[in-house]
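**Student:** Below you'll find model_25.cif; it's mmCIF, C-alpha atoms and all ligand atoms.
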```cif
data_entry
#
loop_
_atom_site.label_atom_id
_atom_site.label_comp_id
_atom_site.auth_asym_id
_atom_site.auth_seq_id
_atom_site.Cartn_x
_atom_site.Cartn_y
_atom_site.Cartn_z
CA ALA A 22 87.67 78.56 93.20
CA GLN A 23 90.63 77.05 94.92
CA ASN A 24 94.02 77.49 93.34
CA THR A 25 92.89 80.00 90.75
CA CYS A 26 96.16 81.64 91.46
CA ILE A 27 99.25 79.97 90.20
CA LEU A 28 102.74 81.22 90.31
CA GLN A 29 104.01 81.01 86.82
CA VAL A 30 107.62 81.36 85.91
CA VAL A 31 107.33 82.97 82.54
CA LYS A 32 111.00 83.73 82.14
CA PRO A 33 113.19 82.63 85.02
CA ARG A 34 116.32 84.55 85.90
CA LEU A 35 119.19 82.84 87.57
CA ASN A 36 118.82 81.86 91.23
CA ALA A 37 115.03 82.00 91.29
CA CYS A 38 114.23 81.97 94.95
CA PHE A 39 111.03 80.25 95.89
CA TYR A 40 110.87 80.74 99.62
CA THR A 41 111.09 84.41 100.23
CA SER A 42 109.93 86.21 97.16
CA VAL A 43 109.58 86.16 93.45
CA THR A 44 111.85 89.14 92.86
CA THR A 45 114.01 86.96 90.72
CA LEU A 46 111.20 86.37 88.26
CA GLU A 47 110.43 88.53 85.27
CA ARG A 48 106.67 88.09 85.40
CA VAL A 49 104.19 86.70 87.84
CA SER A 50 100.66 85.50 87.29
CA VAL A 51 98.09 86.42 89.92
CA ALA A 52 94.46 85.35 89.61
CA GLY A 53 94.89 84.66 85.92
CA LYS A 54 96.59 87.92 85.01
CA ASP A 55 100.27 88.50 84.28
CA TYR A 56 102.25 91.28 85.93
CA ASP A 57 105.79 92.50 85.39
CA CYS A 58 108.07 92.05 88.40
CA ASP A 59 110.48 94.74 89.56
CA GLU A 60 112.55 95.68 92.59
CA TRP A 61 109.33 96.15 94.60
CA THR A 62 108.06 92.62 94.03
CA ASN A 63 107.95 90.70 97.31
CA ILE A 64 104.94 88.39 97.11
CA THR A 65 105.75 84.77 97.85
CA PRO A 66 104.29 81.62 96.31
CA LYS A 67 102.81 80.80 99.72
CA ILE A 68 100.89 84.09 99.84
CA LEU A 69 99.75 83.66 96.25
CA SER A 70 98.32 80.28 97.21
CA TYR A 71 95.78 82.09 99.41
CA VAL A 72 94.53 84.37 96.64
CA GLY A 73 91.27 82.96 95.35
CA ARG A 74 90.50 80.81 98.41
CA ASN A 75 87.72 83.33 99.21
CA LEU A 76 86.83 82.09 102.69
CA HIS A 77 84.22 84.83 102.87
CA THR A 78 82.16 83.26 100.10
CA GLN A 79 82.52 79.66 101.29
CA LYS A 80 79.16 78.68 102.74
CA ASP A 81 79.24 77.75 106.44
CA HIS A 82 82.78 78.99 106.96
CA PRO A 83 83.00 81.08 110.17
CA ILE A 84 84.11 84.10 108.12
CA TYR A 85 81.12 83.64 105.81
CA ILE A 86 78.76 83.34 108.78
CA VAL A 87 79.79 86.67 110.31
CA LYS A 88 79.73 88.54 107.02
CA GLU A 89 76.18 87.30 106.37
CA VAL A 90 74.92 89.43 109.25
CA ASN A 91 74.28 92.36 106.97
CA LEU A 92 73.10 95.83 107.69
CA PRO A 93 69.86 96.78 105.97
CA LEU A 94 70.04 99.51 103.28
CA PHE A 95 73.58 98.63 102.31
CA ALA A 96 74.60 97.25 98.92
CA VAL A 97 77.12 94.42 99.35
CA PHE A 98 80.24 93.83 97.24
CA ASP A 99 82.14 90.66 98.03
CA ASN A 100 83.97 89.83 94.82
CA LEU A 101 86.23 92.80 94.15
CA SER A 102 89.72 91.63 93.16
CA PRO A 103 92.36 91.83 95.92
CA VAL A 104 94.89 92.98 93.31
CA VAL A 105 94.76 96.78 93.41
CA THR A 106 96.88 99.71 92.35
CA VAL A 107 99.08 101.63 94.77
CA LYS A 108 96.84 104.56 93.88
CA GLN A 109 93.75 102.73 95.14
CA ASN A 110 95.37 101.34 98.27
CA PHE A 111 97.14 104.54 99.35
CA ASP A 112 96.81 107.67 97.18
CA SER A 113 93.01 107.64 96.90
CA LEU A 114 92.92 107.56 100.72
CA LEU A 115 95.34 110.48 101.12
CA THR A 116 98.08 108.33 102.64
CA PRO A 117 101.19 110.55 102.70
CA LYS A 118 103.93 109.49 100.26
CA ASP A 119 106.34 108.73 103.12
CA HIS A 120 103.82 106.99 105.41
CA VAL A 121 105.14 103.73 106.92
CA SER A 122 102.03 101.85 105.83
CA ARG A 123 103.36 102.04 102.25
CA ASN A 124 106.61 100.25 103.12
CA ARG A 125 107.71 97.21 101.26
CA SER A 126 108.23 95.52 104.61
CA GLU A 127 104.52 95.95 105.43
CA ASN A 128 102.83 94.95 102.16
CA TYR A 129 102.88 92.33 99.46
CA TYR A 130 103.82 94.19 96.32
CA ILE A 131 103.36 92.61 92.91
CA ASN A 132 105.37 95.48 91.44
CA LYS A 133 105.88 99.14 92.26
CA ASN A 134 102.38 100.10 91.05
CA THR A 135 100.45 97.01 92.08
CA VAL A 136 99.83 95.50 95.51
CA LEU A 137 97.62 92.95 97.20
CA ARG A 138 95.17 95.25 98.99
CA ALA A 139 96.10 95.90 102.62
CA HIS A 140 92.54 96.96 103.44
CA THR A 141 89.13 97.03 101.84
CA SER A 142 89.22 100.85 102.10
CA ALA A 143 91.13 100.62 98.79
CA HIS A 144 87.75 100.42 97.01
CA GLU A 145 86.06 103.37 98.70
CA HIS A 146 86.91 105.87 95.98
CA GLU A 147 85.62 103.78 93.05
CA LEU A 148 82.36 102.82 94.79
CA ILE A 149 81.61 106.39 95.90
CA ARG A 150 82.30 107.49 92.34
CA SER A 151 79.77 104.98 91.06
CA GLY A 152 77.07 106.91 92.92
CA LEU A 153 76.24 104.57 95.81
CA SER A 154 74.96 106.02 99.10
CA ALA A 155 75.43 103.05 101.42
CA PHE A 156 77.63 100.07 100.70
CA LEU A 157 79.55 97.23 102.30
CA MET A 158 82.63 95.54 100.92
CA VAL A 159 83.88 92.19 102.11
CA GLY A 160 87.20 90.75 101.06
CA ASP A 161 90.56 89.23 101.80
CA VAL A 162 93.33 91.68 102.72
CA TYR A 163 97.08 91.04 102.89
CA ARG A 164 99.71 92.35 105.31
CA ARG A 165 103.19 91.28 106.24
CA ASP A 166 103.07 90.81 109.96
CA THR A 167 104.23 88.95 113.05
CA ILE A 168 103.36 85.29 113.65
CA ASP A 169 101.04 84.39 116.51
CA ALA A 170 97.59 83.02 117.30
CA THR A 171 95.76 86.17 116.14
CA HIS A 172 97.92 87.20 113.17
CA PHE A 173 97.93 85.73 109.70
CA PRO A 174 99.23 87.47 106.55
CA VAL A 175 95.77 87.19 105.01
CA PHE A 176 92.60 88.16 106.82
CA HIS A 177 89.17 89.49 105.95
CA GLN A 178 87.58 92.87 106.39
CA LEU A 179 84.08 94.19 106.19
CA GLU A 180 84.10 97.82 105.15
CA GLY A 181 81.06 100.05 105.38
CA VAL A 182 80.51 103.51 103.94
CA ARG A 183 77.42 105.66 104.31
CA LEU A 184 76.92 108.99 102.58
CA PHE A 185 74.50 111.72 103.62
CA ASN A 186 73.26 114.86 101.97
CA SER A 187 71.59 118.02 103.15
CA GLN A 188 67.87 118.72 102.96
CA GLN A 189 68.47 120.84 99.93
CA VAL A 190 69.32 117.82 97.83
CA LYS A 191 65.82 116.73 96.83
CA LYS A 192 66.75 114.12 94.30
CA ARG A 193 68.10 111.81 96.96
CA ASN A 194 66.26 109.60 99.36
CA TYR A 195 65.08 111.12 102.65
CA LEU A 196 66.81 108.25 104.45
CA PHE A 197 70.16 109.68 103.47
CA GLN A 198 69.54 113.18 104.76
CA LEU A 199 71.74 113.88 107.73
CA PHE A 200 69.37 116.20 109.55
CA SER A 201 66.17 114.27 108.86
CA LYS A 202 65.86 113.00 112.42
CA CYS A 203 66.57 116.33 114.10
CA GLU A 204 63.70 117.98 115.90
CA GLY A 205 62.55 121.57 115.47
CA ASN A 206 63.42 123.85 112.63
CA THR A 207 66.26 122.28 110.76
CA ALA A 208 66.07 124.52 107.71
CA ASP A 209 69.06 126.54 108.86
CA LEU A 210 71.34 123.56 109.48
CA THR A 211 74.04 123.26 106.87
CA LEU A 212 76.54 120.52 106.18
CA PHE A 213 79.43 122.80 105.31
CA GLU A 214 81.16 125.91 106.56
CA ASN A 215 84.44 127.61 105.93
CA GLY A 216 85.85 127.11 109.42
CA GLN A 217 88.67 125.67 111.46
CA GLU A 218 89.74 122.10 111.93
CA THR A 219 89.39 120.99 115.56
CA ALA A 220 89.66 117.64 117.34
CA ASP A 221 85.92 117.21 116.70
CA LYS A 222 85.60 118.18 113.06
CA GLN A 223 87.15 118.91 109.69
CA MET A 224 87.65 122.45 108.44
CA CYS A 225 84.75 122.38 106.00
CA HIS A 226 82.21 120.58 108.20
CA THR A 227 79.91 122.28 110.67
CA LEU A 228 80.07 120.93 114.21
CA GLU A 229 76.48 119.63 113.82
CA THR A 230 77.50 117.66 110.74
CA SER A 231 80.46 116.07 112.44
CA LYS A 232 78.66 115.25 115.66
CA LEU A 233 75.61 113.80 113.91
CA LEU A 234 77.80 111.67 111.65
CA GLU A 235 79.79 110.44 114.65
CA PHE A 236 76.60 109.63 116.54
CA ASN A 237 75.08 107.75 113.62
CA LEU A 238 78.32 105.88 112.94
CA LYS A 239 78.83 104.73 116.53
CA GLN A 240 75.15 103.83 116.89
CA THR A 241 75.25 101.71 113.73
CA ILE A 242 78.34 99.88 114.94
CA GLU A 243 77.08 99.39 118.48
CA ASP A 244 73.80 98.00 117.13
CA PHE A 245 75.74 95.63 114.91
CA THR A 246 78.02 94.50 117.75
CA SER A 247 75.16 93.82 120.11
CA LEU A 248 73.31 92.01 117.34
CA MET A 249 76.35 89.77 117.03
CA PHE A 250 77.08 89.16 120.69
CA LYS A 251 74.30 90.09 123.06
CA THR A 252 71.84 87.30 122.63
CA LYS A 253 74.28 84.47 122.40
CA LEU A 254 72.18 81.80 124.03
CA PRO A 255 72.91 80.55 127.51
CA PRO A 256 73.94 78.02 128.67
CA LEU A 257 76.23 77.73 125.63
CA ASN A 258 77.92 80.98 126.42
CA LEU A 259 77.12 82.31 129.86
CA ASN A 260 79.20 85.38 129.38
CA THR A 261 76.74 87.07 127.07
CA ASP A 262 78.11 90.58 127.29
CA VAL A 263 81.15 91.45 125.29
CA GLU A 264 83.42 94.12 126.68
CA CYS A 265 83.99 96.92 124.17
CA LYS A 266 85.40 100.42 124.29
CA TRP A 267 85.82 103.36 121.90
CA VAL A 268 89.26 104.90 121.67
CA GLU A 269 90.50 107.87 119.65
CA ALA A 270 92.51 106.96 116.59
CA TYR A 271 94.26 108.37 113.55
CA PHE A 272 93.76 107.36 109.93
CA PRO A 273 94.93 109.47 106.99
CA PHE A 274 91.49 109.28 105.38
CA THR A 275 89.17 110.14 108.28
CA HIS A 276 88.78 112.91 110.83
CA PRO A 277 87.81 112.52 113.56
CA SER A 278 88.75 108.82 113.78
CA PHE A 279 87.93 106.11 116.30
CA GLU A 280 88.70 102.51 117.09
CA LEU A 281 86.52 99.93 118.73
CA GLU A 282 88.39 97.50 120.92
CA ILE A 283 87.07 94.27 122.34
CA LYS A 284 88.42 92.13 125.11
CA TYR A 285 89.76 88.86 123.72
CA ASN A 286 91.32 86.31 126.10
CA GLY A 287 91.80 89.04 128.68
CA GLU A 288 93.50 91.40 126.22
CA TRP A 289 92.10 94.48 124.49
CA ILE A 290 92.38 94.05 120.74
CA GLU A 291 91.43 96.43 117.96
CA MET A 292 88.46 95.10 116.08
CA LEU A 293 87.48 98.04 113.95
CA GLY A 294 88.62 101.44 112.72
CA CYS A 295 86.23 104.15 111.65
CA GLY A 296 85.64 107.84 111.28
CA ILE A 297 84.23 110.74 109.31
CA LEU A 298 85.53 110.47 105.77
CA LYS A 299 87.83 113.32 104.74
CA GLN A 300 85.88 115.63 102.47
CA GLN A 301 88.68 115.68 99.91
CA ILE A 302 88.03 111.98 99.22
CA LEU A 303 84.34 112.64 98.54
CA ASN A 304 85.20 115.64 96.40
CA GLU A 305 87.69 113.67 94.32
CA ALA A 306 85.10 110.92 93.85
CA GLY A 307 82.53 113.39 92.57
CA ALA A 308 80.36 113.58 95.71
CA CYS A 309 81.20 117.10 96.83
CA ASP A 310 77.67 117.90 98.05
CA GLN A 311 77.69 114.93 100.45
CA VAL A 312 79.34 113.88 103.71
CA ALA A 313 80.11 110.35 104.90
CA TRP A 314 81.29 108.02 107.59
CA ALA A 315 83.20 104.79 107.06
CA PHE A 316 84.37 101.81 109.05
CA GLY A 317 86.57 98.75 108.50
CA LEU A 318 86.01 95.67 110.64
CA GLY A 319 88.31 92.65 111.00
CA LEU A 320 86.21 89.54 110.45
CA GLU A 321 88.68 87.02 111.93
CA ARG A 322 88.75 88.85 115.24
CA LEU A 323 85.00 89.09 115.37
CA SER A 324 84.55 85.48 114.43
CA MET A 325 87.26 84.18 116.80
CA LYS A 326 85.67 86.06 119.66
CA LEU A 327 82.16 85.00 118.77
CA PHE A 328 82.91 81.29 118.42
CA ASP A 329 85.86 81.04 120.84
CA ILE A 330 88.29 79.99 118.14
CA PRO A 331 91.73 79.99 119.80
CA ASP A 332 94.02 80.14 116.76
CA ILE A 333 93.64 82.06 113.50
CA ARG A 334 95.20 79.20 111.52
CA TYR A 335 91.96 77.25 111.96
CA MET A 336 90.36 79.60 109.43
CA TRP A 337 92.54 78.13 106.69
CA THR A 338 92.25 74.45 107.50
CA THR A 339 90.30 72.27 105.16
CA ASP A 340 89.97 69.79 108.00
CA ASP A 341 86.38 68.66 108.23
CA SER A 342 86.51 68.40 112.02
CA PHE A 343 86.81 72.20 111.98
CA LEU A 344 84.42 73.10 109.19
CA SER A 345 81.71 70.61 110.15
CA GLN A 346 81.20 72.46 113.41
CA PHE A 347 79.78 75.42 111.48
CA LYS A 348 77.59 73.46 109.08
CA ASN A 349 73.87 74.06 108.73
CA HIS A 350 73.58 76.43 111.62
CA GLU A 351 70.61 78.64 110.88
CA ASP A 352 71.32 80.39 114.12
CA PHE A 353 75.01 81.17 114.44
CA LYS A 354 74.58 82.05 118.09
CA SER A 355 74.06 78.43 118.98
CA ILE A 356 77.51 77.46 117.69
CA GLN A 357 80.00 76.65 120.38
CA PHE A 358 83.32 75.74 118.84
CA LYS A 359 85.31 72.85 120.30
CA PRO A 360 89.00 73.19 119.49
CA ILE A 361 90.61 70.13 117.97
CA LEU A 362 93.94 71.39 119.22
CA SER A 363 95.76 68.72 121.13
CA LYS A 364 96.35 69.35 124.79
CA GLN A 365 100.07 69.07 124.08
CA PRO A 366 102.06 72.14 125.03
CA ALA A 367 103.91 73.97 122.27
CA VAL A 368 107.49 72.92 121.55
CA ALA A 369 109.83 75.94 121.71
CA ASN A 370 113.08 76.12 119.72
CA ASP A 371 115.37 79.13 119.40
CA ILE A 372 117.17 80.44 116.38
CA ALA A 373 119.82 83.20 116.50
CA PHE A 374 121.67 84.98 113.73
CA TRP A 375 123.63 88.08 112.79
CA ILE A 376 121.50 90.35 110.67
CA PRO A 377 122.59 92.41 107.64
CA ASN A 378 121.85 96.16 107.45
CA ASP A 379 118.87 95.90 105.14
CA TYR A 380 117.14 93.25 107.26
CA ALA A 381 113.46 93.60 108.22
CA MET A 382 111.86 91.27 110.76
CA ASN A 383 108.94 90.69 108.43
CA ASP A 384 111.41 89.14 105.97
CA PHE A 385 112.14 86.44 108.52
CA TYR A 386 108.44 85.97 109.34
CA ASP A 387 107.64 85.53 105.65
CA LEU A 388 110.43 83.04 105.29
CA VAL A 389 109.10 81.02 108.24
CA ARG A 390 105.61 81.12 106.76
CA SER A 391 106.94 79.96 103.42
CA VAL A 392 108.81 76.97 104.81
CA ASP A 393 106.23 76.03 107.44
CA ASP A 394 103.53 73.53 106.63
CA GLY A 395 101.17 74.28 109.49
CA LEU A 396 103.37 73.61 112.51
CA VAL A 397 104.45 77.09 113.59
CA GLN A 398 102.08 78.89 115.95
CA THR A 399 104.11 81.81 117.27
CA VAL A 400 107.45 83.48 116.64
CA THR A 401 108.78 86.03 119.12
CA LEU A 402 111.93 88.06 119.19
CA VAL A 403 113.43 87.12 122.56
CA ASP A 404 116.79 88.85 122.41
CA THR A 405 118.77 91.43 120.45
CA PHE A 406 122.47 91.96 120.87
CA VAL A 407 125.02 94.40 119.43
CA HIS A 408 128.63 93.27 119.21
CA SER A 409 130.74 95.92 120.95
CA GLU A 410 133.59 95.86 118.44
CA SER A 411 132.05 95.13 115.05
CA GLY A 412 128.76 96.91 115.80
CA LYS A 413 127.01 93.93 114.24
CA GLN A 414 123.51 93.14 115.47
CA SER A 415 122.06 89.76 116.22
CA HIS A 416 118.48 88.63 116.76
CA CYS A 417 117.28 85.60 118.65
CA TYR A 418 113.79 84.30 117.88
CA ARG A 419 111.82 81.68 119.75
CA ILE A 420 109.64 79.58 117.52
CA TYR A 421 106.70 77.80 119.14
CA TYR A 422 105.65 74.71 117.24
CA ARG A 423 102.08 73.56 117.70
CA HIS A 424 99.71 72.08 115.17
CA THR A 425 96.02 73.05 115.32
CA SER A 426 94.75 69.50 115.28
CA ARG A 427 97.42 66.93 116.10
CA ALA A 428 100.42 66.17 118.28
CA LEU A 429 103.89 66.79 116.89
CA THR A 430 106.91 64.54 117.08
CA GLN A 431 110.26 65.94 118.13
CA ALA A 432 111.73 64.66 114.86
CA GLU A 433 109.37 66.63 112.63
CA VAL A 434 109.89 69.77 114.73
CA ASN A 435 113.66 69.40 114.44
CA ASN A 436 113.43 68.80 110.75
CA LEU A 437 111.37 71.95 110.16
CA HIS A 438 113.53 74.01 112.50
CA ASN A 439 116.62 73.03 110.53
CA ARG A 440 114.94 73.82 107.26
CA ILE A 441 114.03 77.28 108.58
CA LYS A 442 117.65 77.82 109.68
CA ASP A 443 119.04 76.78 106.30
CA ALA A 444 116.54 78.87 104.38
CA ALA A 445 117.28 81.94 106.53
CA GLU A 446 121.00 81.61 105.90
CA SER A 447 120.72 80.99 102.21
CA GLN A 448 118.02 83.56 101.48
CA LEU A 449 118.13 86.36 104.02
CA ASN A 450 121.85 86.77 104.00
CA VAL A 451 121.97 86.23 107.77
CA LYS A 452 124.78 84.37 109.55
CA GLY A 453 123.90 81.71 112.11
CA ARG A 454 125.30 82.18 115.63
N1 LIG A 501 91.41 100.57 106.67
C1 LIG A 501 91.67 100.64 108.09
C2 LIG A 501 92.60 99.49 108.47
O1 LIG A 501 92.63 98.50 107.79
C3 LIG A 501 90.42 100.51 108.90
C4 LIG A 501 89.51 101.67 108.70
C5 LIG A 501 89.67 102.78 109.48
C6 LIG A 501 88.52 101.65 107.74
C7 LIG A 501 88.84 103.89 109.34
C8 LIG A 501 87.69 102.75 107.58
C9 LIG A 501 87.85 103.85 108.40
O2 LIG A 501 86.74 102.78 106.66
O3 LIG A 501 87.02 104.89 108.24
O4 LIG A 501 93.26 99.56 109.46
#
```
Write out the structure in this file as structure tokens.
**Tutor:**
Amino acid sequence: AQNTCILQVVKPRLNACFYTSVTTLERVSVAGKDYDCDEWTNITPKILSYVGRNLHTQKDHPIYIVKEVNLPLFAVFDNLSPVVTVKQNFDSLLTPKDHVSRNRSENYYINKNTVLRAHTSAHEHELIRSGLSAFLMVGDVYRRDTIDATHFPVFHQLEGVRLFNSQQVKKRNYLFQLFSKCEGNTADLTLFENGQETADKQMCHTLETSKLLEFNLKQTIEDFTSLMFKTKLPPLNLNTDVECKWVEAYFPFTHPSFELEIKYNGEWIEMLGCGILKQQILNEAGACDQVAWAFGLGLERLSMKLFDIPDIRYMWTTDDSFLSQFKNHEDFKSIQFKPILSKQPAVANDIAFWIPNDYAMNDFYDLVRSVDDGLVQTVTLVDTFVHSESGKQSHCYRIYYRHTSRALTQAEVNNLHNRIKDAAESQLNVKGR
């Protein structure tokens, strides 16, 4: 339901700051539950307003449409809470303690032990532990990030995990035996060995295990991708082939790891990460006689590419001229999105300030997002400068103002620009230049 998440000031401290964070609050209420705040707290009221919107369960929303294209065999979980522990989001996935992905500048922390999940992988451990062999998770994920047409601090992922066992494990379904499709005598093939880690495999996996898992993983994803794109009906979309490529990748929880990139508006963008799940994760989740692959797919990118949606902010509009375009389409491939975006060019305005030592660019981006009411499309750092005597650094950002569905007046742009300036000075401890 909308607005299930309210920011509640249980016990305000002095100077409660409502733009940038709720660090000045004692407690915060997220999705109906109260949490203690501490020095890690950095969620903003704006971000909290997205919790509970659940675009992925809203019928006929473009995110809902793409997640409905399910894989057979897989159990689907689409209502796991986005509030997770640091243990779920990082430790259970073997993320090193000093890994940058844990930084406060990258995530929305509720407190030092609790975070809005940064990926659906956060639930892998608990679902493997529950004994499932093939499952999908769909949900909203939260990351502090730059501001442009393809980035929004909340997006949606579809995560898939598939476990396999050896022939020896009779109690399990034949479908989940890794060597079941191999020809010839497979009795001697084993899942595990005490060997060496190489670029192709983990220490405890045989090369056959790793290669078969990789093959099955890539095949599953390629089948899914062509199911999504290949038969998009002409003449609605004449360019029926989507350009994709596999690239090597690194994730703390898989080895080997891969990324699938697709071409979007002439640029290669990462659509999906995947790999062979590290055996330690399976062992810790009580599945030590099994092996697995996993993938995590960004639903906004897929959906924007599929329907030619030019700006990620459309996903969050409640404007019927957007949503009505996706209504009652039995066949999603016949949808050809017509942007409501005015032909007006974006209005660019610069803002420059001296930054303090503890400044992170994502602090500024969050501040802009908090003050903005749908006008800002892109923010780019256009210049940095170090004062030769004082050693002080300054940043200059260019803010592009462009609404997704109407023209802007110079007056409203100026008004917002000034409010951003004032908020930056009063809340980020920066000094205007
Ligand atoms: N969680 C990763 C991310 O959000 C994506 C990912 C990579 C998911 C590899 C996986 C995986 O399941 O195996 O960037």
**Student:** With only C-alpha atoms as the atoms that count, which of A:Leu293, A:Val97, A:Ile420, A:Val49 lies nearest to Asn132 of chain A?
**Tutor:**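 Ranking A:Leu293, A:Val97, A:Ile420, A:Val49 by distance to Asn132 of chain A, first place goes to A:Val49.
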**Student:** I'd like to know which of A:Tyr85, A:Tyr271, A:Phe245, A:Tyr129 is closest to ligand LIG 501 (chain A), using all atoms listed in the file.
**Tutor:**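 Answer, going by the shortest atom-to-atom distance: A:Tyr271.
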**Student:** Could the residues that lie within 6 Å of ligand LIG 501 (chain A), counting only C-alpha atoms and all ligand atoms, be listed as JSON, numbers by chain?
**Tutor:** {"A": [140, 142, 180, 275, 294, 295, 296, 315, 316, 317]}
**Student:** Select, from A:Asp352, A:Asp404, A:Asp81, A:Glu280, the residue with the minimum atom-to-atom distance to Lys239 of chain A, counting only C-alpha atoms.
**Tutor:**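 Of A:Asp352, A:Asp404, A:Asp81, A:Glu280, the one nearest Lys239 of chain A, counting only C-alpha atoms, is A:Glu280.
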**Student:** Report, in Å with one decimal, the straight-line distance from atom CA of Gly395 of chain A to atom CA of Ala52 of chain A.
**Tutor:** 23.7 Å
**Student:** Pick the closest to Ala444 of chain A from A:Leu344, A:Leu148, A:Ala306, A:Val392: which is it, counting all atoms listed in the file?
**Tutor:**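 Under the stated criterion, the closest residue is A:Val392.
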**Student:** Find the residues around segment 224-226 of chain A up to 10 Å (all atoms listed in the file counted), leave out those fewer than 4 positions away in its own chain, and share them as a ChimeraX atom specification.
**Tutor:** /A:211-219,230-232,276,299-301,312
**Student:** Here is a test: counting all atoms listed in the file, which residue of A:Ser278, A:Thr62, A:Gln357, A:Gln240 is nearest to Gln223 of chain A?
**Tutor:**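 Using all atoms listed in the file, the shortest distance to Gln223 of chain A belongs to A:Ser278.
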